[in-house]
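So this block is start05.txt, compact mmCIF, C-alpha atoms and all ligand atoms:
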# COMPACT_ATOMS: atom_id res chain seq x y z
CA MET A 25 0.86 -20.50 18.18
CA THR A 26 4.54 -20.11 17.24
CA LEU A 27 6.86 -17.14 17.63
CA VAL A 28 7.70 -15.37 14.37
CA HIS A 29 9.60 -12.15 13.66
CA ASN A 30 7.61 -9.21 12.30
CA TRP A 31 10.09 -6.51 11.20
CA GLN A 32 7.35 -3.90 10.85
CA LEU A 33 6.62 -4.26 14.58
CA GLY A 34 10.28 -4.58 15.55
CA ARG A 35 9.58 -7.71 17.56
CA LYS A 36 8.53 -11.32 17.62
CA MET A 37 4.84 -12.07 17.71
CA GLU A 38 2.55 -15.07 17.93
CA TYR A 39 1.17 -16.65 14.76
CA PRO A 40 -0.42 -20.06 14.14
CA TYR A 41 2.24 -21.17 11.61
CA PHE A 42 6.06 -21.13 11.53
CA GLU A 43 7.94 -18.25 9.95
CA SER A 44 8.54 -19.00 6.27
CA ARG A 45 9.57 -16.23 3.95
CA PRO A 46 9.33 -16.40 0.16
CA GLU A 47 12.39 -16.07 -2.08
CA ARG A 48 11.20 -12.58 -2.92
CA GLN A 49 8.04 -10.84 -1.79
CA PHE A 50 5.41 -9.32 -4.10
CA ALA A 51 5.13 -5.67 -3.02
CA ALA A 52 4.11 -2.26 -4.32
CA VAL A 53 4.66 1.40 -3.48
CA PHE A 54 1.79 3.88 -3.89
CA ASN A 55 2.37 7.63 -3.79
CA THR A 56 -0.84 8.93 -2.18
CA ASN A 57 0.22 12.50 -2.96
CA ARG A 58 -0.38 11.96 -6.66
CA CYS A 59 -3.56 9.86 -6.85
CA ILE A 60 -6.46 11.59 -8.62
CA ALA A 61 -9.06 8.90 -7.74
CA CYS A 62 -9.85 8.32 -11.41
CA GLN A 63 -10.51 4.63 -10.54
CA THR A 64 -8.79 3.43 -13.72
CA CYS A 65 -6.97 0.86 -11.57
CA THR A 66 -10.29 -0.28 -10.11
CA MET A 67 -11.83 -0.73 -13.55
CA ALA A 68 -8.74 -2.43 -14.97
CA ASP A 69 -9.04 -5.01 -12.20
CA LYS A 70 -12.83 -5.29 -12.57
CA SER A 71 -12.70 -5.81 -16.32
CA THR A 72 -9.95 -8.42 -16.04
CA TRP A 73 -11.14 -10.64 -13.20
CA LEU A 74 -14.49 -9.51 -11.80
CA TYR A 75 -17.13 -9.40 -14.52
CA SER A 76 -19.00 -12.67 -13.87
CA ARG A 77 -22.20 -13.50 -12.03
CA GLY A 78 -21.85 -13.22 -8.29
CA GLN A 79 -18.97 -10.74 -8.61
CA GLU A 80 -21.11 -7.64 -9.08
CA TYR A 81 -20.18 -6.20 -5.69
CA MET A 82 -16.62 -7.47 -5.73
CA TRP A 83 -13.81 -4.93 -6.05
CA TRP A 84 -10.42 -6.48 -5.30
CA ASN A 85 -8.85 -3.10 -6.03
CA ASN A 86 -10.64 0.01 -4.80
CA VAL A 87 -9.70 3.61 -4.12
CA GLU A 88 -11.43 5.22 -1.15
CA THR A 89 -11.49 8.75 0.23
CA LYS A 90 -10.23 9.10 3.77
CA PRO A 91 -11.41 9.79 6.42
CA TYR A 92 -15.05 8.90 5.56
CA GLY A 93 -14.83 6.45 2.67
CA GLY A 94 -14.30 2.74 3.03
CA TYR A 95 -15.03 -0.48 1.18
CA PRO A 96 -16.63 -2.31 2.88
CA GLN A 97 -18.01 0.65 4.78
CA HIS A 98 -16.17 1.45 8.03
CA TRP A 99 -13.75 -1.49 7.58
CA ASP A 100 -10.85 0.36 9.20
CA VAL A 101 -12.86 1.90 12.04
CA LYS A 102 -14.31 -1.50 12.90
CA SER A 103 -11.04 -3.42 12.61
CA LEU A 104 -9.26 -0.83 14.76
CA ALA A 105 -12.05 -0.84 17.35
CA LEU A 106 -11.80 -4.63 17.62
CA LEU A 107 -8.03 -4.44 17.98
CA THR A 108 -7.97 -1.71 20.60
CA ASP A 109 -10.99 -3.06 22.54
CA ASN A 110 -12.07 0.26 24.03
CA GLY A 111 -8.53 1.24 24.90
CA LYS A 112 -7.73 -1.96 26.78
CA ASN A 113 -5.12 -2.71 24.13
CA PRO A 114 -3.20 0.57 23.71
CA THR A 115 -1.69 0.35 20.24
CA THR A 116 1.37 2.43 21.07
CA TRP A 117 4.92 2.39 19.74
CA SER A 118 8.17 2.93 21.51
CA THR A 119 10.68 4.74 19.36
CA GLU A 120 13.09 5.53 22.19
CA ASN A 121 16.31 3.60 22.53
CA GLU A 122 15.62 1.66 19.37
CA ASP A 123 18.26 1.10 16.77
CA LYS A 124 16.04 2.12 13.88
CA ASP A 125 18.69 1.28 11.32
CA ASP A 126 18.46 -2.28 12.43
CA LYS A 127 16.72 -4.16 9.64
CA LYS A 128 14.75 -6.01 12.28
CA SER A 129 13.18 -2.90 13.80
CA PRO A 130 13.06 -0.03 11.31
CA TYR A 131 10.07 1.81 12.81
CA GLY A 132 10.67 1.19 16.52
CA LEU A 133 8.89 -1.27 18.76
CA TYR A 134 5.15 -1.93 18.71
CA GLU A 135 3.97 -2.31 22.30
CA GLY A 136 0.34 -3.31 21.79
CA GLU A 137 -1.18 -6.63 20.83
CA THR A 138 -1.68 -7.73 17.23
CA ILE A 139 -4.94 -9.18 15.92
CA PHE A 140 -3.58 -12.68 16.67
CA GLU A 141 -2.39 -11.90 20.19
CA ALA A 142 -5.62 -10.06 21.02
CA ALA A 143 -7.70 -13.12 20.05
CA LYS A 144 -5.59 -15.28 22.36
CA THR A 145 -5.71 -12.87 25.32
CA ARG A 146 -9.46 -12.58 25.01
CA ASN A 147 -9.89 -16.37 24.74
CA LEU A 148 -11.77 -16.05 21.49
CA ASN A 149 -12.42 -19.21 19.60
CA GLN A 150 -10.61 -17.86 16.53
CA TRP A 151 -7.05 -17.12 15.42
CA ALA A 152 -7.46 -13.37 15.04
CA VAL A 153 -9.97 -10.73 16.12
CA GLY A 154 -12.27 -9.88 13.23
CA TYR A 155 -15.82 -9.54 11.97
CA ILE A 156 -17.85 -10.30 8.86
CA PRO A 157 -19.17 -7.11 7.24
CA THR A 158 -22.92 -6.97 6.68
CA ASP A 159 -24.34 -7.07 3.13
CA LYS A 160 -25.20 -3.39 3.48
CA GLU A 161 -21.55 -2.51 4.12
CA TRP A 162 -20.49 -3.96 0.76
CA ARG A 163 -23.08 -1.98 -1.21
CA PHE A 164 -21.19 1.23 -1.90
CA PRO A 165 -17.65 0.82 -3.16
CA ASN A 166 -16.98 4.55 -3.24
CA ILE A 167 -19.11 6.04 -0.51
CA GLY A 168 -17.88 9.31 0.95
CA GLU A 169 -15.92 10.18 -2.19
CA ASP A 170 -14.23 13.58 -1.98
CA THR A 171 -15.91 14.34 1.35
CA ALA A 172 -13.59 16.43 3.44
CA ALA A 173 -13.09 16.37 7.18
CA SER A 174 -13.13 19.78 8.73
CA GLU A 175 -12.20 21.55 11.91
CA LYS A 176 -14.75 24.25 11.15
CA MET A 177 -16.22 25.82 14.26
CA ASN A 178 -19.91 26.65 14.57
CA ASP A 179 -19.06 30.27 14.96
CA GLU A 180 -19.06 31.69 11.42
CA LEU A 181 -16.24 34.04 12.21
CA LYS A 182 -13.89 31.15 12.79
CA LEU A 183 -14.13 30.00 9.17
CA ALA A 184 -10.74 31.52 8.69
CA GLN A 185 -9.34 28.63 10.69
CA GLU A 186 -9.94 26.35 7.76
CA VAL A 187 -6.96 27.59 5.85
CA SER A 188 -5.18 25.07 3.70
CA VAL A 189 -1.54 25.61 4.48
CA LEU A 190 1.11 22.97 4.95
CA PRO A 191 2.07 21.13 7.06
CA GLU A 192 -1.53 20.26 8.04
CA HIS A 193 -4.69 21.41 6.29
CA LYS A 194 -7.66 22.14 8.53
CA ARG A 195 -10.02 20.88 5.85
CA TRP A 196 -8.70 17.73 4.24
CA PHE A 197 -9.21 14.40 2.59
CA PHE A 198 -6.96 12.04 0.67
CA TYR A 199 -7.23 8.93 -1.44
CA ILE A 200 -6.08 5.54 -0.34
CA GLN A 201 -5.63 2.80 -2.91
CA ARG A 202 -6.42 -0.63 -1.58
CA LEU A 203 -5.91 -4.24 -2.57
CA CYS A 204 -4.80 -7.42 -0.83
CA ASN A 205 -1.46 -6.83 0.89
CA HIS A 206 -0.16 -10.34 0.26
CA CYS A 207 0.92 -10.29 3.89
CA THR A 208 3.76 -12.30 5.38
CA TYR A 209 1.43 -13.41 8.20
CA PRO A 210 -2.01 -13.31 6.59
CA GLY A 211 -5.03 -13.22 8.87
CA CYS A 212 -7.01 -14.94 6.11
CA LEU A 213 -4.56 -17.85 5.89
CA ALA A 214 -4.40 -18.26 9.67
CA ALA A 215 -8.20 -18.34 9.90
CA CYS A 216 -8.99 -20.89 7.20
CA PRO A 217 -10.13 -24.17 8.78
CA ARG A 218 -9.85 -25.91 5.39
CA ARG A 219 -6.25 -24.83 4.81
CA ALA A 220 -7.42 -23.59 1.45
CA ILE A 221 -5.26 -20.45 1.57
CA TYR A 222 -1.56 -20.58 0.81
CA LYS A 223 1.37 -18.23 0.27
CA ARG A 224 3.58 -19.00 -2.71
CA LYS A 225 7.26 -19.67 -1.99
CA GLU A 226 8.48 -18.04 -5.20
CA ASP A 227 6.84 -14.62 -4.83
CA GLY A 228 4.81 -14.46 -1.60
CA ILE A 229 1.48 -14.12 -3.43
CA VAL A 230 -1.43 -15.30 -1.22
CA LEU A 231 -4.08 -17.38 -3.00
CA ILE A 232 -7.32 -19.20 -2.15
CA ASP A 233 -7.55 -22.70 -3.58
CA GLN A 234 -11.04 -22.59 -5.08
CA LYS A 235 -11.41 -26.37 -4.91
CA ARG A 236 -10.62 -26.62 -1.19
CA CYS A 237 -12.63 -23.57 -0.08
CA ARG A 238 -16.09 -24.32 1.32
CA GLY A 239 -17.17 -20.71 1.78
CA TYR A 240 -17.08 -20.62 5.60
CA ARG A 241 -15.95 -16.96 5.34
CA LYS A 242 -13.39 -17.26 8.12
CA CYS A 243 -10.93 -15.41 5.85
CA VAL A 244 -13.45 -12.60 5.34
CA GLU A 245 -13.81 -12.41 9.11
CA GLN A 246 -10.14 -12.44 10.08
CA CYS A 247 -8.49 -10.38 7.34
CA PRO A 248 -8.38 -6.97 9.04
CA TYR A 249 -8.25 -5.26 5.60
CA LYS A 250 -11.42 -7.05 4.44
CA LYS A 251 -9.96 -8.12 1.14
CA PRO A 252 -11.25 -11.69 0.75
CA MET A 253 -14.81 -11.59 -0.63
CA TYR A 254 -17.52 -14.22 -0.63
CA ARG A 255 -19.16 -15.08 -3.95
CA ALA A 256 -22.70 -16.31 -3.44
CA GLN A 257 -22.84 -17.75 -6.97
CA THR A 258 -20.04 -20.27 -6.42
CA ARG A 259 -20.32 -20.35 -2.61
CA VAL A 260 -16.61 -19.91 -2.15
CA SER A 261 -14.42 -16.92 -1.27
CA GLU A 262 -12.21 -15.08 -3.74
CA LYS A 263 -9.49 -12.47 -3.42
CA CYS A 264 -6.86 -10.59 -5.41
CA ILE A 265 -4.56 -13.03 -7.20
CA ALA A 266 -1.89 -10.39 -7.91
CA CYS A 267 -2.40 -11.09 -11.65
CA TYR A 268 0.02 -13.99 -11.14
CA PRO A 269 0.18 -15.02 -14.82
CA ARG A 270 1.66 -11.57 -15.51
CA ILE A 271 4.04 -11.80 -12.55
CA GLU A 272 5.22 -15.15 -13.96
CA GLY A 273 5.98 -13.48 -17.30
CA LYS A 274 3.27 -15.34 -19.23
CA ASP A 275 2.16 -12.24 -21.13
CA PRO A 276 3.88 -12.03 -24.55
CA LEU A 277 4.06 -8.22 -24.33
CA THR A 278 7.14 -8.28 -22.11
CA ASN A 279 8.92 -11.21 -23.81
CA GLY A 280 8.61 -13.49 -20.82
CA ARG A 281 9.79 -10.91 -18.30
CA PRO A 282 7.83 -10.54 -15.02
CA MET A 283 5.17 -7.94 -15.64
CA GLU A 284 3.31 -5.63 -13.28
CA THR A 285 -0.36 -6.32 -12.45
CA ARG A 286 -3.28 -4.77 -14.35
CA CYS A 287 -4.18 -2.23 -11.67
CA MET A 288 -0.56 -1.02 -11.50
CA THR A 289 0.07 -0.65 -15.21
CA ALA A 290 -3.24 1.14 -15.78
CA CYS A 291 -2.50 3.91 -13.27
CA VAL A 292 -3.16 7.27 -14.89
CA GLY A 293 -1.71 9.30 -12.04
CA LYS A 294 1.57 7.35 -12.26
CA ILE A 295 1.42 6.79 -8.53
CA ARG A 296 2.15 3.06 -8.50
CA MET A 297 5.30 1.00 -8.74
CA GLN A 298 5.10 -2.73 -8.22
CA GLY A 299 7.93 -5.15 -7.84
CA PHE A 300 9.46 -7.34 -5.16
CA LEU A 301 11.06 -6.86 -1.80
CA ASP A 302 14.41 -8.64 -1.91
CA ASP A 303 17.96 -8.23 -0.60
CA ASN A 304 19.16 -5.94 -3.39
CA PRO A 305 19.47 -2.35 -2.06
CA LYS A 306 19.32 -1.10 -5.66
CA ASN A 307 15.93 -2.69 -6.27
CA PRO A 308 13.65 0.41 -6.41
CA VAL A 309 10.85 -1.07 -4.26
CA THR A 310 13.32 -2.45 -1.69
CA TRP A 311 15.13 0.88 -1.59
CA LEU A 312 11.95 2.96 -1.10
CA VAL A 313 10.62 0.65 1.63
CA ARG A 314 13.57 -0.86 3.50
CA HIS A 315 16.41 1.62 2.95
CA HIS A 316 14.95 5.10 2.43
CA LYS A 317 11.78 4.35 4.44
CA VAL A 318 9.71 6.89 2.52
CA ALA A 319 6.97 4.31 1.83
CA LEU A 320 5.17 2.78 4.82
CA PRO A 321 2.81 -0.17 5.46
CA LEU A 322 -0.92 0.32 6.10
CA TYR A 323 -1.91 -0.30 9.72
CA PRO A 324 1.21 -2.29 10.63
CA GLN A 325 -0.23 -2.70 14.15
CA PHE A 326 -2.61 -5.38 12.86
CA GLY A 327 0.48 -7.61 12.74
CA THR A 328 0.03 -9.27 9.34
CA GLU A 329 3.15 -7.60 7.83
CA PRO A 330 1.33 -6.18 4.79
CA HIS A 331 3.22 -5.44 1.55
CA ILE A 332 1.46 -2.53 -0.09
CA TYR A 333 3.45 0.53 0.99
CA TYR A 334 2.34 4.16 0.88
CA ILE A 335 4.16 7.45 0.58
CA PRO A 336 1.90 9.34 3.03
CA PRO A 337 -0.08 12.45 2.00
CA ARG A 338 1.73 15.61 3.04
CA TRP A 339 -1.28 17.68 4.10
CA ALA A 340 -3.37 15.38 6.33
CA PRO A 341 -3.30 15.67 10.15
CA ARG A 342 -0.32 13.80 11.56
CA PRO A 343 -2.13 11.94 14.39
CA TYR A 344 -4.46 10.41 11.79
CA LEU A 345 -1.50 9.42 9.61
CA ARG A 346 0.50 8.03 12.54
CA GLN A 347 -2.38 5.74 13.39
CA MET A 348 -2.58 4.66 9.76
CA PHE A 349 1.08 4.24 8.82
CA GLY A 350 2.93 4.03 12.13
CA PRO A 351 5.48 6.23 13.88
CA GLU A 352 7.77 6.75 10.87
CA VAL A 353 5.22 8.93 9.10
CA ASP A 354 6.70 12.34 10.03
CA ALA A 355 10.16 11.36 8.80
CA ALA A 356 8.69 9.93 5.58
CA ILE A 357 6.81 13.16 4.82
CA GLU A 358 9.92 15.19 5.51
CA LYS A 359 11.89 13.05 3.04
CA TYR A 360 9.21 13.40 0.39
CA THR A 361 8.83 17.16 0.85
CA ALA A 362 12.51 17.84 0.19
CA PRO A 363 13.47 14.77 -1.84
CA SER A 364 17.04 13.60 -1.93
CA ARG A 365 18.80 13.30 -5.26
CA GLU A 366 18.29 9.55 -5.25
CA LEU A 367 14.60 9.73 -4.31
CA LEU A 368 13.90 12.24 -7.05
CA ALA A 369 15.52 9.92 -9.57
CA VAL A 370 13.73 6.77 -8.36
CA LEU A 371 10.35 8.55 -8.41
CA GLN A 372 10.78 9.11 -12.16
CA LEU A 373 10.54 5.36 -12.72
CA PHE A 374 6.91 5.11 -11.63
CA ARG A 375 4.74 3.84 -14.49
CA THR A 376 7.27 4.02 -17.25
CA HIS A 377 7.32 0.34 -18.21
CA GLN A 378 5.04 -2.68 -17.88
CA ALA A 379 7.90 -5.04 -17.04
CA ILE A 380 8.97 -5.09 -13.38
CA PHE A 381 12.14 -3.20 -12.50
CA PHE A 382 14.56 -5.34 -10.53
CA GLU A 383 17.29 -2.73 -10.25
CA TYR A 384 18.02 0.93 -10.96
CA ARG A 385 21.17 2.90 -11.71
CA ILE A 386 21.71 6.63 -11.53
CA GLU A 387 24.08 8.64 -13.73
CA GLU A 388 24.85 12.03 -12.23
CA GLY A 389 23.99 15.19 -14.15
CA PRO A 390 24.49 18.95 -13.61
CA LYS A 391 22.84 21.06 -10.92
CA VAL A 392 19.97 23.02 -12.50
CA TYR A 393 18.23 24.72 -9.61
CA GLU A 394 18.48 25.52 -5.95
CA THR A 395 16.04 26.85 -3.38
CA THR A 396 15.13 26.64 0.30
CA ILE A 397 12.63 24.12 1.65
CA ASN A 398 11.62 24.23 5.31
CA GLY A 399 14.51 26.55 6.01
CA LYS A 400 17.08 24.24 4.47
CA LYS A 401 19.00 24.58 1.23
CA TRP A 402 17.71 22.18 -1.44
CA GLU A 403 19.43 21.44 -4.73
CA TYR A 404 18.03 19.94 -7.87
CA TYR A 405 20.17 17.92 -10.28
CA ASP A 406 19.34 16.72 -13.76
CA ASP A 407 20.42 13.14 -13.13
CA THR A 408 19.55 10.19 -15.35
CA VAL A 409 17.85 7.13 -13.91
CA ILE A 410 17.96 3.75 -15.61
CA GLY A 411 15.47 0.97 -14.86
CA LEU A 412 16.70 -2.60 -15.39
CA ALA A 413 14.81 -5.86 -15.98
CA LYS A 414 15.40 -9.12 -14.12
CA ASP A 415 18.06 -10.17 -16.65
CA GLY A 416 19.81 -6.78 -16.44
CA THR A 417 18.41 -5.45 -19.72
CA GLU A 418 17.92 -1.69 -19.75
CA LEU A 419 14.17 -1.02 -19.91
CA VAL A 420 14.01 2.77 -19.52
CA ARG A 421 16.39 5.72 -19.27
CA LEU A 422 14.93 8.98 -17.95
CA LYS A 423 16.13 12.44 -17.06
CA VAL A 424 14.95 14.04 -13.82
CA GLU A 425 14.42 17.33 -15.65
CA GLU A 426 11.43 16.81 -17.91
CA PRO A 427 12.15 17.61 -21.54
CA THR A 428 10.17 20.47 -23.04
CA TYR A 429 9.20 20.83 -26.70
CA GLU A 430 8.55 24.13 -28.36
CA ARG A 431 5.81 24.12 -30.93
CA PRO A 432 6.95 25.36 -34.32
CA LYS A 433 5.48 28.73 -35.21
CA GLN A 434 3.27 27.47 -38.04
CA HIS A 435 1.39 25.19 -35.63
CA LEU A 436 0.73 27.76 -32.95
CA ASN A 437 -3.01 28.12 -32.25
CA SER A 438 -3.81 24.90 -34.10
CA ILE A 439 -5.07 21.77 -32.38
S1 LIG A 501 -4.60 -8.40 3.10
FE1 LIG A 501 -6.10 -9.81 4.01
S2 LIG A 501 -6.61 -11.20 2.28
FE2 LIG A 501 -4.67 -10.21 1.76
S3 LIG A 501 -3.06 -11.62 2.53
FE3 LIG A 501 -3.42 -10.05 4.12
S4 LIG A 501 -4.90 -11.00 5.48
FE4 LIG A 501 -5.00 -12.18 3.55
S1 LIG A 502 -5.39 4.65 -11.55
FE1 LIG A 502 -3.80 5.57 -10.22
S2 LIG A 502 -4.42 7.74 -10.06
FE2 LIG A 502 -6.23 6.61 -10.79
S3 LIG A 502 -7.34 6.04 -8.90
FE3 LIG A 502 -5.99 4.31 -9.38
S4 LIG A 502 -4.13 4.69 -8.14
FE4 LIG A 502 -5.26 6.65 -8.25
Please lay out the structure from this file as structure tokens.
Ligand code: SF4
Ligand code: SF4
Amino acid sequence: MTLVHNWQLGRKMEYPYFESRPERQFAAVFNTNRCIACQTCTMADKSTWLYSRGQEYMWWNNVETKPYGGYPQHWDVKSLALLTDNGKNPTTWSTENEDKDDKKSPYGLYEGETIFEAAKTRNLNQWAVGYIPTDKEWRFPNIGEDTAASEKMNDELKLAQEVSVLPEHKRWFFYIQRLCNHCTYPGCLAACPRRAIYKRKEDGIVLIDQKRCRGYRKCVEQCPYKKPMYRAQTRVSEKCIACYPRIEGKDPLTNGRPMETRCMTACVGKIRMQGFLDDNPKNPVTWLVRHHKVALPLYPQFGTEPHIYYIPPRWAPRPYLRQMFGPEVDAAIEKYTAPSRELLAVLQLFRTHQAIFFEYRIEEGPKVYETTINGKKWEYYDDTVIGLAKDGTELVRLKVEEPTYERPKQHLNSI
């Protein structure tokens, strides 16, 4: 094991390989508040990469309903149970006395063990704690869809307690959109005895070399997110490839510019924005994740430094969300509920172009509205946001205030 820095945990941790960061990291931000679970992303992925024999039960992208849904079934409950080991590994965070503006520790300090450290402490003969899901657990990609959790009491008269009022609904569910996180410290890569898994220097995409893989399924076992999948037909494992030909700009549609993946561009709910984490504070993904901290990683306590980031759902119980997205969740929801001028502008960019935005600019506009949110004055400005390509070309220009069109009289009541 070597010591590497994991900024999501605010500390160094043990990992089998040396720290090596890509030039820029493939990443995406998903706004869980807007997902309608239409599964268009899932089908876009399926119809592009997963339509061959042996891939019938493979869904690199899936959208599951929390708290009961999961693909494979119970993946998060089981991975968390293995990590916490019946409470022997308390997965707590210290947010006291931490300089949270420090780029090295933006969420505070994780005090528990990661999946790698837990395997070492428990003298397991593997790099990370993990398990291989049973065949049954892969059978239902969307089990538990739209099934709500409830605090309903047995006593009929207490039904009134189920009111759905912010900040926390008593009856709730939400959708979580899942794909490989192209982690900085992948459990899959650490586990592979064949060294068939590698992380690309240019964009941080994690791939399985199909020629080296022998199908031992160590990656399936030690990825806590259960995103590598074994294909019985070829007897090797496969996983999300981040549509790398598109990322490389091979698709003629964007004139050689890096292009977002299929699942991102297909998103009907406009909840997804994909790009790269880099050092530019005006890169929209970098700004949402590293500067504004409104988008958070999924189960950062696993320790893999995952790179799909989520704007948390406003209405779900906070303890559940804190376990899922870490201690910054309350602040993130507060920022989303009363969005700043800049956040409101950046949110307009979601799903407005297939080419990846590398930078944004905002031109200030007039104030058009003001109100009170959570007891504080909130103002709304009709600013203009501009999304720029890698070479600085202007790709889109959008107003915060949506334009409205009035139908001419002669077309009223016509279709
Ligand atoms: S999410 Fe799993 S499969 Fe993807 S890079 Fe991380 S550990 Fe590997
Ligand atoms: S396409 Fe978008 S809105 Fe539809 S399920 Fe996928 S992430 Fe959600």
Write out as a PyMOL selection string each polymer residue whose atoms come within 12 Å of Tyr268 in chain A, counting all atoms listed in the file; drop sequence neighbours fewer than 3 positions from it. chain A and resi 50+73+206+224+226-231+264-265+271-275+282-286
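For the set A:Ala172, A:Leu419, A:Thr158, A:Ala220, the residue with the smallest atom-to-atom gap to Thr278 in chain A is A:Leu419, counting all atoms listed in the file.
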Residues contacting ligand LIG 502 (chain A) - anything with an atom at most 10 Å away, using all atoms listed in the file - can you give me those as a PyMOL selection string? chain A and resi 54-68+85-88+199-202+287-296+375
Rows by chain and residue number, range 70-154 of chain A within 7 Å of range 325-335 of chain A, shortest pair, all atoms listed in the file, as CSV:
residue,atom,partner,partner_atom,distance
A:Thr115,CA,A:Gln325,CA,7.0
A:Thr138,CA,A:Gly327,CA,5.0
A:Ile139,CA,A:Phe326,CA,5.4
Give me the residues of chain A that have any atom at most 8 Å from an atom of ligand LIG 501 (chain A); for each, the nearest atom pair and the distance in Å, rounded to one decimal. Use only C-alpha atoms and all ligand atoms, sort by chain and number, and format it as a tab-separated table.
residue	atom	partner	partner_atom	distance
A:Leu203	CA	A:LIG501	S1	7.2
A:Cys204	CA	A:LIG501	FE2	3.8
A:Asn205	CA	A:LIG501	S1	4.1
A:His206	CA	A:LIG501	S3	3.9
A:Cys207	CA	A:LIG501	FE3	4.4
A:Thr208	CA	A:LIG501	S3	7.4
A:Tyr209	CA	A:LIG501	FE3	7.2
A:Pro210	CA	A:LIG501	S4	3.9
A:Gly211	CA	A:LIG501	S4	4.1
A:Cys212	CA	A:LIG501	FE4	4.3
A:Leu213	CA	A:LIG501	FE4	6.1
A:Ile229	CA	A:LIG501	S3	7.9
A:Val230	CA	A:LIG501	S3	5.5
A:Cys243	CA	A:LIG501	S2	7.0
A:Val244	CA	A:LIG501	S2	7.6
A:Gln246	CA	A:LIG501	S4	7.1
A:Cys247	CA	A:LIG501	S4	4.1
A:Pro248	CA	A:LIG501	FE1	6.2
A:Tyr249	CA	A:LIG501	FE1	5.3
A:Lys250	CA	A:LIG501	FE1	6.0
A:Lys251	CA	A:LIG501	S2	4.7
A:Pro252	CA	A:LIG501	S2	4.9
A:Lys263	CA	A:LIG501	S2	6.5
A:Cys264	CA	A:LIG501	FE2	7.5
A:Thr328	CA	A:LIG501	FE3	6.3
A:Glu329	CA	A:LIG501	FE3	7.9
A:Pro330	CA	A:LIG501	FE3	6.2
Requested write-out: C-alpha atoms of the selected residues, as a short mmCIF file (atom, residue, chain, number, x, y, z; two decimals), in the frame of the given file:
data_model
loop_
_atom_site.label_atom_id
_atom_site.label_comp_id
_atom_site.auth_asym_id
_atom_site.auth_seq_id
_atom_site.Cartn_x
_atom_site.Cartn_y
_atom_site.Cartn_z
CA LEU A 203 -5.91 -4.24 -2.57
CA CYS A 204 -4.80 -7.42 -0.83
CA ASN A 205 -1.46 -6.83 0.89
CA HIS A 206 -0.16 -10.34 0.26
CA CYS A 207 0.92 -10.29 3.89
CA THR A 208 3.76 -12.30 5.38
CA TYR A 209 1.43 -13.41 8.20
CA PRO A 210 -2.01 -13.31 6.59
CA GLY A 211 -5.03 -13.22 8.87
CA CYS A 212 -7.01 -14.94 6.11
CA LEU A 213 -4.56 -17.85 5.89
CA ILE A 229 1.48 -14.12 -3.43
CA VAL A 230 -1.43 -15.30 -1.22
CA CYS A 243 -10.93 -15.41 5.85
CA VAL A 244 -13.45 -12.60 5.34
CA GLN A 246 -10.14 -12.44 10.08
CA CYS A 247 -8.49 -10.38 7.34
CA PRO A 248 -8.38 -6.97 9.04
CA TYR A 249 -8.25 -5.26 5.60
CA LYS A 250 -11.42 -7.05 4.44
CA LYS A 251 -9.96 -8.12 1.14
CA PRO A 252 -11.25 -11.69 0.75
CA LYS A 263 -9.49 -12.47 -3.42
CA CYS A 264 -6.86 -10.59 -5.41
CA THR A 328 0.03 -9.27 9.34
CA GLU A 329 3.15 -7.60 7.83
CA PRO A 330 1.33 -6.18 4.79
#
Pairwise distance for CA of Tyr39 in chain A and CA of Asp109 in chain A, rounded to one decimal in Å: 19.8 Å
10 Å contact set for Leu133 in chain A, only C-alpha atoms, chain neighbours under 2 positions out, as number ranges by chain: A: 31-35, 116-124, 128-131, 135-136, 351
Based on the selection just made, write C-alpha atoms of those residues as an mmCIF file, keeping the file's coordinate frame.
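part_6.cif, written as the output of this step:
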data_model
loop_
_atom_site.group_PDB
_atom_site.id
_atom_site.type_symbol
_atom_site.label_atom_id
_atom_site.label_comp_id
_atom_site.auth_asym_id
_atom_site.auth_seq_id
_atom_site.Cartn_x
_atom_site.Cartn_y
_atom_site.Cartn_z
ATOM 1 C CA TRP A 31 10.090 -6.510 11.200
ATOM 2 C CA GLN A 32 7.350 -3.900 10.850
ATOM 3 C CA LEU A 33 6.620 -4.260 14.580
ATOM 4 C CA GLY A 34 10.280 -4.580 15.550
ATOM 5 C CA ARG A 35 9.580 -7.710 17.560
ATOM 6 C CA THR A 116 1.370 2.430 21.070
ATOM 7 C CA TRP A 117 4.920 2.390 19.740
ATOM 8 C CA SER A 118 8.170 2.930 21.510
ATOM 9 C CA THR A 119 10.680 4.740 19.360
ATOM 10 C CA GLU A 120 13.090 5.530 22.190
ATOM 11 C CA ASN A 121 16.310 3.600 22.530
ATOM 12 C CA GLU A 122 15.620 1.660 19.370
ATOM 13 C CA ASP A 123 18.260 1.100 16.770
ATOM 14 C CA LYS A 124 16.040 2.120 13.880
ATOM 15 C CA LYS A 128 14.750 -6.010 12.280
ATOM 16 C CA SER A 129 13.180 -2.900 13.800
ATOM 17 C CA PRO A 130 13.060 -0.030 11.310
ATOM 18 C CA TYR A 131 10.070 1.810 12.810
ATOM 19 C CA GLU A 135 3.970 -2.310 22.300
ATOM 20 C CA GLY A 136 0.340 -3.310 21.790
ATOM 21 C CA PRO A 351 5.480 6.230 13.880
#
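Of the listed residues A:Glu366, A:Glu388, A:Glu394, A:Glu352, the one whose atoms come nearest to Asp406 in chain A is A:Glu388, with distances taken using only C-alpha atoms.
When only C-alpha atoms are used to compute distances to Ala214 in chain A, the closest of the residues A:Thr171, A:Thr310, A:Thr26, A:Thr417 turns out to be A:Thr26.
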Determine, counting all atoms listed in the file, every residue of protein, DNA or RNA that lies within 9 Å of (13.3, 3.4, 7.6) in the file coordinates, then give the result as a count of residues only. 18
